[in-house]
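Source file: final31.cif; contents: mmCIF, C-alpha atoms.
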data_entry
#
loop_
_atom_site.label_atom_id
_atom_site.label_comp_id
_atom_site.auth_asym_id
_atom_site.auth_seq_id
_atom_site.Cartn_x
_atom_site.Cartn_y
_atom_site.Cartn_z
CA MET A 1 110.38 55.20 113.49
CA SER A 2 107.79 56.32 110.97
CA GLY A 3 108.43 59.40 108.90
CA PHE A 4 105.89 61.96 107.77
CA VAL A 5 105.53 64.28 104.76
CA TYR A 6 103.98 67.75 104.74
CA ILE A 7 102.96 69.10 101.34
CA VAL A 8 102.78 72.84 101.96
CA GLY A 9 101.80 75.86 99.92
CA ALA A 10 104.33 78.66 100.46
CA GLY A 11 102.04 81.37 99.12
CA PRO A 12 102.47 83.74 96.17
CA GLY A 13 105.78 85.43 96.99
CA ASP A 14 105.49 87.75 99.97
CA PRO A 15 106.87 85.63 102.85
CA LYS A 16 104.32 87.12 105.24
CA LEU A 17 101.52 85.47 103.27
CA LEU A 18 102.59 82.02 104.48
CA THR A 19 100.02 80.37 106.75
CA ILE A 20 100.75 79.76 110.43
CA ARG A 21 100.50 76.01 109.82
CA GLY A 22 102.96 76.30 106.94
CA LEU A 23 105.44 78.08 109.22
CA GLU A 24 105.12 75.33 111.83
CA CYS A 25 105.93 72.71 109.20
CA ILE A 26 109.05 74.59 108.07
CA GLN A 27 110.26 74.91 111.66
CA GLN A 28 109.95 71.21 112.44
CA ALA A 29 111.09 69.63 109.16
CA ASP A 30 114.27 67.55 108.93
CA VAL A 31 114.33 67.73 105.13
CA ILE A 32 112.85 70.48 102.93
CA LEU A 33 112.35 70.03 99.19
CA TYR A 34 111.52 73.48 97.82
CA ASP A 35 110.52 74.93 94.45
CA ARG A 36 111.93 77.80 92.41
CA LEU A 37 109.21 80.31 93.32
CA VAL A 38 109.45 79.75 97.07
CA ASN A 39 110.73 82.94 98.71
CA ALA A 40 114.17 82.22 100.16
CA GLU A 41 113.23 84.17 103.30
CA LEU A 42 111.00 81.28 104.33
CA LEU A 43 113.95 78.89 104.49
CA LYS A 44 115.48 81.00 107.28
CA HIS A 45 112.82 79.53 109.58
CA ALA A 46 114.18 76.01 109.08
CA LYS A 47 116.14 74.19 111.77
CA ALA A 48 119.89 74.76 111.63
CA ASP A 49 120.50 71.13 110.73
CA ALA A 50 117.65 70.78 108.23
CA GLU A 51 118.64 69.47 104.80
CA LEU A 52 117.54 71.80 102.00
CA ILE A 53 116.97 70.28 98.55
CA TYR A 54 116.24 72.53 95.56
CA CYS A 55 113.59 71.13 93.21
CA GLY A 56 113.07 74.09 90.92
CA LYS A 57 112.04 73.73 87.31
CA GLU A 58 112.50 76.33 84.63
CA PRO A 59 112.97 76.21 80.84
CA GLY A 60 116.28 74.61 79.99
CA ARG A 61 117.32 74.33 83.65
CA HIS A 62 115.73 71.68 85.84
CA GLY A 63 116.42 70.79 89.41
CA LEU A 64 115.15 67.39 90.45
CA ILE A 65 112.69 66.04 87.89
CA GLN A 66 109.30 64.87 89.16
CA ASP A 67 110.11 61.15 89.36
CA GLU A 68 113.25 61.97 91.34
CA ILE A 69 111.22 64.19 93.68
CA HIS A 70 108.88 61.26 94.31
CA ARG A 71 111.82 58.99 95.04
CA VAL A 72 113.40 61.42 97.51
CA LEU A 73 110.12 62.02 99.35
CA VAL A 74 109.59 58.30 99.87
CA GLU A 75 113.22 57.58 100.68
CA GLN A 76 113.55 60.32 103.30
CA ALA A 77 110.24 59.50 104.95
CA ASN A 78 111.21 55.82 105.15
CA LEU A 79 114.31 56.92 107.06
CA GLY A 80 111.96 58.23 109.74
CA LYS A 81 112.37 61.90 108.88
CA GLN A 82 109.89 64.77 108.95
CA VAL A 83 109.86 65.79 105.30
CA LEU A 84 108.51 69.05 103.90
CA ARG A 85 107.59 69.51 100.25
CA LEU A 86 107.39 73.31 99.95
CA LYS A 87 105.65 74.67 96.87
CA GLY A 88 104.95 78.16 95.60
CA GLY A 89 101.31 79.21 95.86
CA ASP A 90 98.98 76.31 96.66
CA PRO A 91 100.12 72.70 96.22
CA PHE A 92 96.87 71.70 94.50
CA VAL A 93 96.82 74.59 91.98
CA PHE A 94 99.15 73.58 89.13
CA GLY A 95 101.60 72.33 91.74
CA ARG A 96 101.54 68.54 91.26
CA GLY A 97 100.71 68.16 94.92
CA ALA A 98 98.07 65.56 94.15
CA GLU A 99 100.59 63.44 92.22
CA GLU A 100 103.01 63.52 95.12
CA ALA A 101 100.29 62.69 97.64
CA ALA A 102 99.23 59.70 95.53
CA ILE A 103 102.80 58.37 95.50
CA LEU A 104 103.00 58.72 99.28
CA ARG A 105 99.69 56.88 99.73
CA GLN A 106 100.95 54.05 97.51
CA ALA A 107 104.05 53.81 99.71
CA ASP A 108 101.94 53.84 102.92
CA ILE A 109 103.60 57.05 104.09
CA PRO A 110 101.39 59.39 106.16
CA PHE A 111 101.11 62.96 104.91
CA GLU A 112 99.33 66.25 105.45
CA ILE A 113 98.28 68.85 102.87
CA VAL A 114 98.66 72.48 103.93
CA PRO A 115 96.92 74.88 101.52
CA GLY A 116 98.58 78.10 100.41
CA ILE A 117 97.41 81.35 98.85
CA THR A 118 97.54 81.00 95.08
CA ALA A 119 98.91 83.71 92.81
CA GLY A 120 95.76 83.86 90.70
CA ILE A 121 93.99 85.56 93.61
CA ALA A 122 96.87 87.19 95.48
CA ALA A 123 98.68 88.90 92.59
CA PRO A 124 95.51 90.66 91.39
CA ALA A 125 94.70 91.71 94.97
CA TYR A 126 98.14 93.32 95.33
CA ALA A 127 97.56 95.04 92.00
CA GLY A 128 94.24 96.46 93.23
CA ILE A 129 92.10 94.10 91.17
CA PRO A 130 89.34 91.97 92.74
CA VAL A 131 88.72 88.75 90.82
CA THR A 132 85.00 89.04 91.61
CA HIS A 133 82.94 92.18 91.98
CA ARG A 134 79.23 92.80 92.38
CA ASP A 135 79.16 95.15 89.39
CA HIS A 136 81.63 93.39 87.10
CA ALA A 137 82.19 89.68 87.75
CA ALA A 138 80.16 86.85 89.22
CA SER A 139 82.39 84.07 87.86
CA PHE A 140 86.10 83.36 88.06
CA ALA A 141 88.37 80.72 86.51
CA ILE A 142 92.04 79.86 86.91
CA VAL A 143 93.71 78.32 83.88
CA THR A 144 97.10 77.09 82.77
CA GLY A 145 97.58 78.79 79.45
CA HIS A 146 100.85 77.39 78.11
CA GLY A 147 99.36 74.70 75.85
CA ARG A 148 100.12 75.36 72.19
CA PRO A 149 97.84 74.19 69.34
CA GLU A 150 100.79 73.60 66.99
CA LYS A 151 102.04 71.00 69.48
CA GLU A 152 98.54 69.58 69.97
CA GLN A 153 98.65 70.70 73.59
CA ASP A 154 95.70 73.10 73.64
CA PHE A 155 93.07 71.36 75.77
CA LEU A 156 91.19 74.47 76.86
CA ASN A 157 87.49 74.96 76.21
CA TRP A 158 87.75 78.46 74.76
CA SER A 159 84.02 78.82 74.12
CA ALA A 160 83.36 78.21 77.83
CA LEU A 161 86.22 80.43 78.99
CA ALA A 162 84.96 83.29 76.86
CA GLN A 163 81.73 83.27 78.90
CA ILE A 164 83.49 83.56 82.27
CA ASP A 165 83.73 87.06 83.71
CA THR A 166 87.29 86.87 85.06
CA VAL A 167 89.99 84.47 83.87
CA ALA A 168 93.44 84.19 85.48
CA PHE A 169 96.08 82.59 83.26
CA TYR A 170 99.13 80.98 84.85
CA MET A 171 102.38 80.31 82.94
CA SER A 172 101.11 82.09 79.86
CA ILE A 173 103.41 84.96 78.88
CA GLY A 174 104.89 83.10 75.93
CA ASN A 175 101.44 82.15 74.65
CA ILE A 176 99.62 85.47 74.99
CA GLU A 177 98.91 85.96 71.29
CA HIS A 178 97.14 82.60 71.09
CA ILE A 179 95.21 83.32 74.28
CA SER A 180 94.03 86.73 73.07
CA LYS A 181 93.03 85.49 69.62
CA SER A 182 91.20 82.48 71.02
CA LEU A 183 89.15 84.51 73.50
CA ILE A 184 88.22 87.05 70.81
CA THR A 185 87.33 84.26 68.36
CA TYR A 186 84.96 82.70 70.87
CA GLY A 187 83.16 85.86 71.87
CA LYS A 188 85.23 88.10 74.15
CA SER A 189 85.35 91.70 72.99
CA GLU A 190 88.79 92.79 71.81
CA THR A 191 88.45 95.75 74.17
CA THR A 192 88.13 93.48 77.24
CA PRO A 193 90.60 94.82 79.85
CA VAL A 194 93.68 92.75 80.63
CA ALA A 195 96.27 93.10 83.39
CA VAL A 196 99.65 91.41 83.55
CA ILE A 197 101.25 91.24 87.00
CA GLU A 198 104.94 90.34 87.15
CA TRP A 199 106.42 89.01 90.42
CA GLY A 200 103.11 89.57 92.18
CA THR A 201 103.14 90.35 95.95
CA THR A 202 106.93 90.84 95.98
CA LYS A 203 109.08 93.96 96.11
CA ASN A 204 109.66 93.56 92.36
CA GLN A 205 105.98 93.56 91.44
CA ARG A 206 104.93 95.60 88.45
CA THR A 207 101.61 95.69 86.62
CA ILE A 208 100.72 96.68 83.09
CA THR A 209 97.21 96.95 81.66
CA GLY A 210 95.78 96.88 78.18
CA ASN A 211 93.09 94.95 76.38
CA LEU A 212 92.86 91.73 74.39
CA SER A 213 93.86 93.45 71.16
CA THR A 214 96.92 95.21 72.60
CA ILE A 215 98.28 93.13 75.47
CA ALA A 216 100.68 90.97 73.44
CA GLN A 217 102.41 94.10 72.16
CA ASP A 218 102.28 95.70 75.63
CA ILE A 219 104.10 92.71 77.10
CA GLN A 220 106.85 93.04 74.51
CA ILE A 221 107.19 96.80 74.98
CA HIS A 222 107.53 96.49 78.75
CA ARG A 223 109.58 93.28 78.56
CA ILE A 224 107.40 91.41 81.00
CA SER A 225 108.69 87.94 81.82
CA ASN A 226 107.74 85.04 84.05
CA PRO A 227 106.65 84.64 86.75
CA ALA A 228 103.61 86.68 85.80
CA MET A 229 99.84 86.37 86.02
CA ILE A 230 97.54 87.41 83.18
CA LEU A 231 94.08 88.54 84.29
CA VAL A 232 91.30 89.03 81.73
CA GLY A 233 88.02 90.72 82.59
CA GLU A 234 86.17 93.92 83.36
CA VAL A 235 87.40 93.77 86.97
CA VAL A 236 90.75 95.07 85.71
CA SER A 237 89.12 98.51 85.38
CA VAL A 238 88.65 98.62 89.17
CA ARG A 239 92.44 98.96 89.57
CA ASP A 240 92.18 102.69 88.83
CA GLN A 241 90.03 103.12 91.96
CA ILE A 242 91.67 100.88 94.55
CA ALA A 243 95.31 100.18 93.60
CA TRP A 244 97.15 100.29 96.95
CA PHE A 245 100.47 98.46 96.67
CA ILE A 246 103.42 100.71 95.82
CA GLU A 247 105.18 99.05 92.93
CA LYS A 248 108.85 99.38 92.11
CA GLU A 249 109.63 101.67 89.17
CA HIS A 250 111.13 99.77 86.26
CA GLU A 251 112.96 101.43 83.42
CA LEU A 252 112.25 100.18 79.93
CA CYS A 253 115.35 98.69 78.36
#
I'd like the structure from this file rewritten - as structure tokens, please.
Amino acid sequence: MSGFVYIVGAGPGDPKLLTIRGLECIQQADVILYDRLVNAELLKHAKADAELIYCGKEPGRHGLIQDEIHRVLVEQANLGKQVLRLKGGDPFVFGRGAEEAAILRQADIPFEIVPGITAGIAAPAYAGIPVTHRDHAASFAIVTGHGRPEKEQDFLNWSALAQIDTVAFYMSIGNIEHISKSLITYGKSETTPVAVIEWGTTKNQRTITGNLSTIAQDIQIHRISNPAMILVGEVVSVRDQIAWFIEKEHELC
């Protein structure tokens, strides 16, 4: 009996933002390999006898490393099982979904990709910030911002990014000073609005705003931590007009 693998985007955090197709895959899977940012509520839709395997990765604490994830996907599918790889957001947006799909193709294992809503769009929307706007932004980029120049890991084209109206930075809280300085150096005004959205679309969401010259200090003052999206652009100013999601009050420690 031939197995099958579904590579599914679980969405940005709110379990109701899962797609209908994603829900179907959860309900029929024999084995579910899930990431750290997948809302645990989604796993309640799994079959009672489904095997749940945690694959989360976080600094200093790793679940299954990527090579091991590849091995388990192939192994379980070759046993004839319906295997679900459940990823936060969208599997093809900083999710290594393409790498996993390539491994499955090499092993002649059939698979399906199920897109999910990515945090770079959803978190701003829940914060009342459109990533494009007729009056403020005709271009939008999503970027992984954790590369550090001192480790020769900064591969971003800052001169190009500085020309884009709205930029969403993933995985970037620890690198905010470098991000701000680089954008200013390559042409962004230091007064360009910035929003930081922590735990976007969840009950723990909170949003702070500032500008490129202040946001690093703002993050420290409010003790913002990952997971969080950083959004840079004039669209942040629209939040004052259309913010709709009631955020939880957080006391400063």
Practice task
Tell me which protein, DNA and RNA residues are within 6 Å of stretch 110-112 of chain A, counting only C-alpha atoms, leaving out same-chain ones fewer than 6 positions away, and put them as a ChimeraX atom specification.
Solution key: /A:4-6
Quick one: write out the picked residues with C-alpha atoms as a CSV table (one decimal), in the coordinates of the input?
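See result_32.csv below for the written result:
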chain,number,residue,atom,x,y,z
A,4,PHE,CA,105.9,62.0,107.8
A,5,VAL,CA,105.5,64.3,104.8
A,6,TYR,CA,104.0,67.8,104.7
Could you list, with a cut-off of 10 Å and counting only C-alpha atoms, the residues of stretch 193-233 of chain A near stretch 28-45 of chain A, each shown with its nearest atom pair and the distance in Å rounded to one decimal, rows sorted by chain and ascending number, as CSV?
residue,atom,partner,partner_atom,distance
A:Trp199,CA,A:Leu37,CA,9.6
A:Thr202,CA,A:Asn39,CA,9.2
A:Pro227,CA,A:Leu37,CA,8.3
Handout entry: Selection dump of the PyMOL selection byres ((chain A and resi 231) around 9), as a count of residues only
Key = 18
Give me the residues within 9 Å of A:Leu212 as a PDB file with C-alpha atoms, keeping the file's coordinate frame, counting only C-alpha atoms and dropping any in the same chain fewer than 4 places off.
ATOM      1  CA  GLU A 177      98.910  85.960  71.290  1.00  0.00           C
ATOM      2  CA  ILE A 179      95.210  83.320  74.280  1.00  0.00           C
ATOM      3  CA  SER A 180      94.030  86.730  73.070  1.00  0.00           C
ATOM      4  CA  LYS A 181      93.030  85.490  69.620  1.00  0.00           C
ATOM      5  CA  LEU A 183      89.150  84.510  73.500  1.00  0.00           C
ATOM      6  CA  ILE A 184      88.220  87.050  70.810  1.00  0.00           C
ATOM      7  CA  LYS A 188      85.230  88.100  74.150  1.00  0.00           C
ATOM      8  CA  SER A 189      85.350  91.700  72.990  1.00  0.00           C
ATOM      9  CA  GLU A 190      88.790  92.790  71.810  1.00  0.00           C
ATOM     10  CA  THR A 191      88.450  95.750  74.170  1.00  0.00           C
ATOM     11  CA  THR A 192      88.130  93.480  77.240  1.00  0.00           C
ATOM     12  CA  PRO A 193      90.600  94.820  79.850  1.00  0.00           C
ATOM     13  CA  VAL A 194      93.680  92.750  80.630  1.00  0.00           C
ATOM     14  CA  ALA A 216     100.680  90.970  73.440  1.00  0.00           C
ATOM     15  CA  VAL A 232      91.300  89.030  81.730  1.00  0.00           C
TER      16      VAL A 232
END
Handout entry: Computed interatomic separation between atom CA of A:Ala123 and atom CA of A:Gly200 (Å)
Key =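 Atom-to-atom, atom CA of A:Ala123 to atom CA of A:Gly200, that is 4.5 Å.
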Exercise for the section: May I ask which of the residues A:Arg223, A:Glu51, A:Pro130, A:Gln217 is the closest one to A:Asp240, counting all atoms listed in the file? Expected result: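 Using all atoms listed in the file, A:Asp240 sits closest to A:Pro130.
Interatomic distance, atom CA of A:Cys55 to atom CA of A:Asp90: 15.9 Å.
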Fill in the blank from the handout: Atom pair atom CA of A:Ser139 + atom CA of A:Ala162, distance 11.3 Å
Report as a PDB file with C-alpha atoms, in the coordinates of the input the full result of the PyMOL selection byres ((chain A and resi 97) around 10) when it is applied to this structure.
ATOM      1  CA  ILE A   7     102.960  69.100 101.340  1.00  0.00           C
ATOM      2  CA  VAL A   8     102.780  72.840 101.960  1.00  0.00           C
ATOM      3  CA  GLY A   9     101.800  75.860  99.920  1.00  0.00           C
ATOM      4  CA  ARG A  85     107.590  69.510 100.250  1.00  0.00           C
ATOM      5  CA  LEU A  86     107.390  73.310  99.950  1.00  0.00           C
ATOM      6  CA  LYS A  87     105.650  74.670  96.870  1.00  0.00           C
ATOM      7  CA  ASP A  90      98.980  76.310  96.660  1.00  0.00           C
ATOM      8  CA  PRO A  91     100.120  72.700  96.220  1.00  0.00           C
ATOM      9  CA  PHE A  92      96.870  71.700  94.500  1.00  0.00           C
ATOM     10  CA  VAL A  93      96.820  74.590  91.980  1.00  0.00           C
ATOM     11  CA  PHE A  94      99.150  73.580  89.130  1.00  0.00           C
ATOM     12  CA  GLY A  95     101.600  72.330  91.740  1.00  0.00           C
ATOM     13  CA  ARG A  96     101.540  68.540  91.260  1.00  0.00           C
ATOM     14  CA  ALA A  98      98.070  65.560  94.150  1.00  0.00           C
ATOM     15  CA  GLU A  99     100.590  63.440  92.220  1.00  0.00           C
ATOM     16  CA  GLU A 100     103.010  63.520  95.120  1.00  0.00           C
ATOM     17  CA  ALA A 101     100.290  62.690  97.640  1.00  0.00           C
ATOM     18  CA  ALA A 102      99.230  59.700  95.530  1.00  0.00           C
ATOM     19  CA  ILE A 113      98.280  68.850 102.870  1.00  0.00           C
TER      20      ILE A 113
END
Completion exercise
Across A:Ile109, A:Ile20, A:Ile26, A:Ile65, the smallest distance to A:Ser2, with only C-alpha atoms counted, is shown by A:Ile109
Handout entry: Shortest interatomic distance to A:Gln205 - which of A:Glu247, A:Asp135, A:Asp14, A:Asp218, counting only C-alpha atoms
Key =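 For A:Gln205, the nearest of the given residues is A:Glu247.
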Exercise for the section: Give me the residues within 10 Å of A:Gly3 as JSON, numbers by chain, counting all atoms listed in the file and dropping any in the same chain fewer than 6 places off. Expected result: {"A": [74, 75, 76, 77, 78, 79, 80, 81, 82, 83, 109, 110, 111]}
Can you spit out the residues from that selection as a PDB file, keeping the file's coordinate frame, using C-alpha atoms?
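Writing done, so here's result.pdb:
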ATOM      1  CA  VAL A  74     109.590  58.300  99.870  1.00  0.00           C
ATOM      2  CA  GLU A  75     113.220  57.580 100.680  1.00  0.00           C
ATOM      3  CA  GLN A  76     113.550  60.320 103.300  1.00  0.00           C
ATOM      4  CA  ALA A  77     110.240  59.500 104.950  1.00  0.00           C
ATOM      5  CA  ASN A  78     111.210  55.820 105.150  1.00  0.00           C
ATOM      6  CA  LEU A  79     114.310  56.920 107.060  1.00  0.00           C
ATOM      7  CA  GLY A  80     111.960  58.230 109.740  1.00  0.00           C
ATOM      8  CA  LYS A  81     112.370  61.900 108.880  1.00  0.00           C
ATOM      9  CA  GLN A  82     109.890  64.770 108.950  1.00  0.00           C
ATOM     10  CA  VAL A  83     109.860  65.790 105.300  1.00  0.00           C
ATOM     11  CA  ILE A 109     103.600  57.050 104.090  1.00  0.00           C
ATOM     12  CA  PRO A 110     101.390  59.390 106.160  1.00  0.00           C
ATOM     13  CA  PHE A 111     101.110  62.960 104.910  1.00  0.00           C
TER      14      PHE A 111
END
Handout entry: Which of A:Leu23, A:Leu17, A:Ala127, A:Ala10 sits closest to A:Gln241 [using all atoms listed in the file]
Key =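 Nearest candidate to A:Gln241 out of A:Leu23, A:Leu17, A:Ala127, A:Ala10: A:Ala127.
Ranking A:His178, A:His222, A:Lys47, A:Arg71 by their shortest atom-to-atom distance to A:Thr209, with all atoms listed in the file included, puts A:His222 first.
Considering all atoms listed in the file, the residue among A:Ile117, A:Gly145, A:Arg206, A:Gln66 positioned nearest to A:Ile219 is A:Arg206.
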